[in-house]
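Asker: Here it is: the structure, laid out below.
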Amino acid sequence: MINKKGLLLNTVLRILLAVIVLAGFIYVGGKLYGAVTSGEEDNAQSTIVQVSSKIDALISLDVKESKFSVQRPCKENNCDWIIQGWSVSDGSRPDRCYAESCICICKGVGAEYCQNTRTGFCRSVDRDNVVVVGEASLPEYGLAVGIDSFPVPEGNKIIERSFIDFKDSFIELEVSVSEDSVKLKNFISKGGN
Amino acid sequence: MKSDCKRAVANESLVYIILGLAGFFIIGVLIFNFYNSDAGTGNSDVCHLSVITRATSPEATQNYVPLKCQTQKVCINDGTGKCDYSFAGEKISEVKVDSKDQDEVAREIERVSAEAMYDCWNMMGEGRLDLQESLSKKGGFESAKSMCVICNRIALDLDKDKESGVLSKVNLESYLKGHQIPGSEKTYLQAFTDESINSYQHVDLTALKDDLKYNENEAISLVSSNHESAVVFMQIKTASVDEVLENLGKAGLTIVGGTLVSVPTLALSGAKYVMFSAVGAGATLAGAGTVAGFAWYNVEKGQSLAIQHCGDLTSSDGQARKGCSVVQVVPYDAKELNKICGVIESAP
């Protein structure tokens, strides 16, 4: 005689066990994947802390201008982390800047990329106005906006954008501090590769 | 009787499954904690362990094994500041010196630099481990790209009036040759090379400067660098020695590049470990003009120092692959670092 209740219990137990095992695999696998890929976010956070700490240091040391090098948060060239900044009067700044000027490093251009705490990190700036300027060469800009044959006018091959991206392993930032503003600028290296 | 037997087998299987699950979770948690440990990322042991893990991983998965190496910041100061200009907001280790004795400060800068180079070289497997995934390079579709780990950043915060005087007395080359590693009978030079080596392979850059397109403007740009150096481990992997030469040649500081161009021929003729430095660079710098240039003379010599290993790299599949690994002290400057490093593997 077949014990139907026993069989059912056995099957349910097995299914339960399989679900637990599967959940365990997914949980641990997910955690491991997260741990392995989290380096970039950590690096981006370190980068923005480094930049804002430098600005704070310049303000407290009463230094008007300085240059320093910053490491790219990503390993390779195709890095989509962008440094951006908003003044206190700028209505389009990310909500997380509250009522302050701020600089952010986010995975895209625009305040919307800085709203998410996983794709953006912001720090407040103790000045009313924040200006971020990143230089780019026109052919490179043309490629970035999807125009292969971007016209390059003679004698004006560099444009200025309101954000700074990481084209190289290291970028050089120039910081200028005045009574009411902070300007962060990245120049195209003319002697680099 | 038969039913009891079945139940016993089922119970035994259940025990094995539970044991397997428990083991899986314990290993998973350990790996997770290892990779997610903030406290551990600054630890050279953790970095070394991750280096070994990557080197022994199958080639296809090497890129997915992150190196857990964080750049260590060292501030050499005389008590007046804490290198805020360089390391504001970052975790640093301090080395206090008395700036009244310029010689002592210079020796301390040499000691810190030498130890940083030695630790970096050891941490990264003495240049013998294969740390770069290279499937695309194998097919010849991609030129060799150098990978770097910035082991240390070393900054000075000294009395500005005395800083130039101190820097003019720094001679890392002499320190590595004349000082023993703490707890060892070997000098740094012997540890970096073969024990039999007691002198440097010198390359006269004044003779090479035309070939290297070395010019005074370049020298002046190096002179105007800030007083912060980086200890950088670099590895380039390729089967073609010419490609290594090409990359190393275009890599780096004009001075370092020049040195590297000439040294691998020696490395390939038998000596696997080469320690080299440049002579003549100082004369060229001094010739470049400024007082500041002269003050940086010895430091520039230090920056041209590099430890290099060219030859077979040990990989997980036992196949030897050619590559070059270099540890060098360079100015912490975006322009200079970009010439050396294609890919950065360390956390800032």
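Residue numbers start at 1 in each chain; chains themselves are named A, B, ... in the order of the structure tokens; ligands are numbered from 1 in the order shown.
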Residues of chain B within 7 Å of chain A, using only C-alpha atoms, as a PyMOL selection string?

Answerer: chain B and resi 28+32+35-36+66+84-85+88-90+333-335+337-339+341-345+347-348

Asker: Contacts between segment 132-135 of chain A and segment 56-102 of chain A, please, where a residue of segment 56-102 of chain A counts if it comes within 10 Å (with only C-alpha atoms); show its shortest atom pair and distance in Å to one decimal, rows by chain and ascending number, as a tab-separated table.

Answerer:
residue	atom	partner	partner_atom	distance
A:Ile83	CA	A:Val132	CA	7.9
A:Gln84	CA	A:Val132	CA	6.2
A:Gly85	CA	A:Val132	CA	5.8
A:Trp86	CA	A:Val132	CA	8.4

Asker: At a cut-off of 8 Å, using only C-alpha atoms, what residues contact Gly108 of chain A? Leave out same-chain residues fewer than 2 positions from it and give the result as an MDAnalysis selection string.

Answerer: chainID A and resid 80:82 106 110 113

Asker: Can you check which residues of segment 12-141 of chain A DSSP gives as helix (DSSP H, G or I) on the backbone and send them as number ranges by chain?

Answerer: A: 12-37, 39-61, 95-97, 112-115, 138-141

Asker: Neighbours of segment 114-120 of chain B within 9 Å (only C-alpha atoms; same-chain residues fewer than 6 positions away dropped), as a list of chain:residue names?

Answerer: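 Residues meeting the cut-off are B:Ser44, B:Glu126, B:Val149, B:Ile150, B:Cys151, B:Asn152, B:Leu172, B:Tyr175, B:Leu176, B:Ile181, B:Tyr188, B:Ala191, B:Phe192, B:Val231, B:Val232, B:Phe233, B:Ala306, B:Ile307, B:Val327, B:Gln328, B:Val329.
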
Asker: Using only C-alpha atoms, pick whichever of A:Gln45, A:Asn78, A:Ser60, A:Ser176 has the shortest atom-to-atom distance to Cys122 of chain A.

Answerer: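 Using only C-alpha atoms, Cys122 of chain A sits closest to A:Gln45.
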
Asker: Using only C-alpha atoms, find the one residue out of B:Val326, B:Tyr332, B:Ser146, B:Ser13 that sits nearest to Trp121 of chain B.

Answerer: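 Distance minimum relative to Trp121 of chain B lands on B:Val326.
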
Asker: Could you tell me how far atom CA of Leu7 of chain A lies from atom CA of Leu21 of chain B, in Å and to one decimal?

Answerer: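 Value for the atom CA of Leu7 of chain A-atom CA of Leu21 of chain B distance: 23.9 Å.
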
Asker: Suppose you want the space between atom CA of Arg107 of chain B and atom CA of Leu158 of chain B; what is it in Å?

Answerer: 14.4 Å
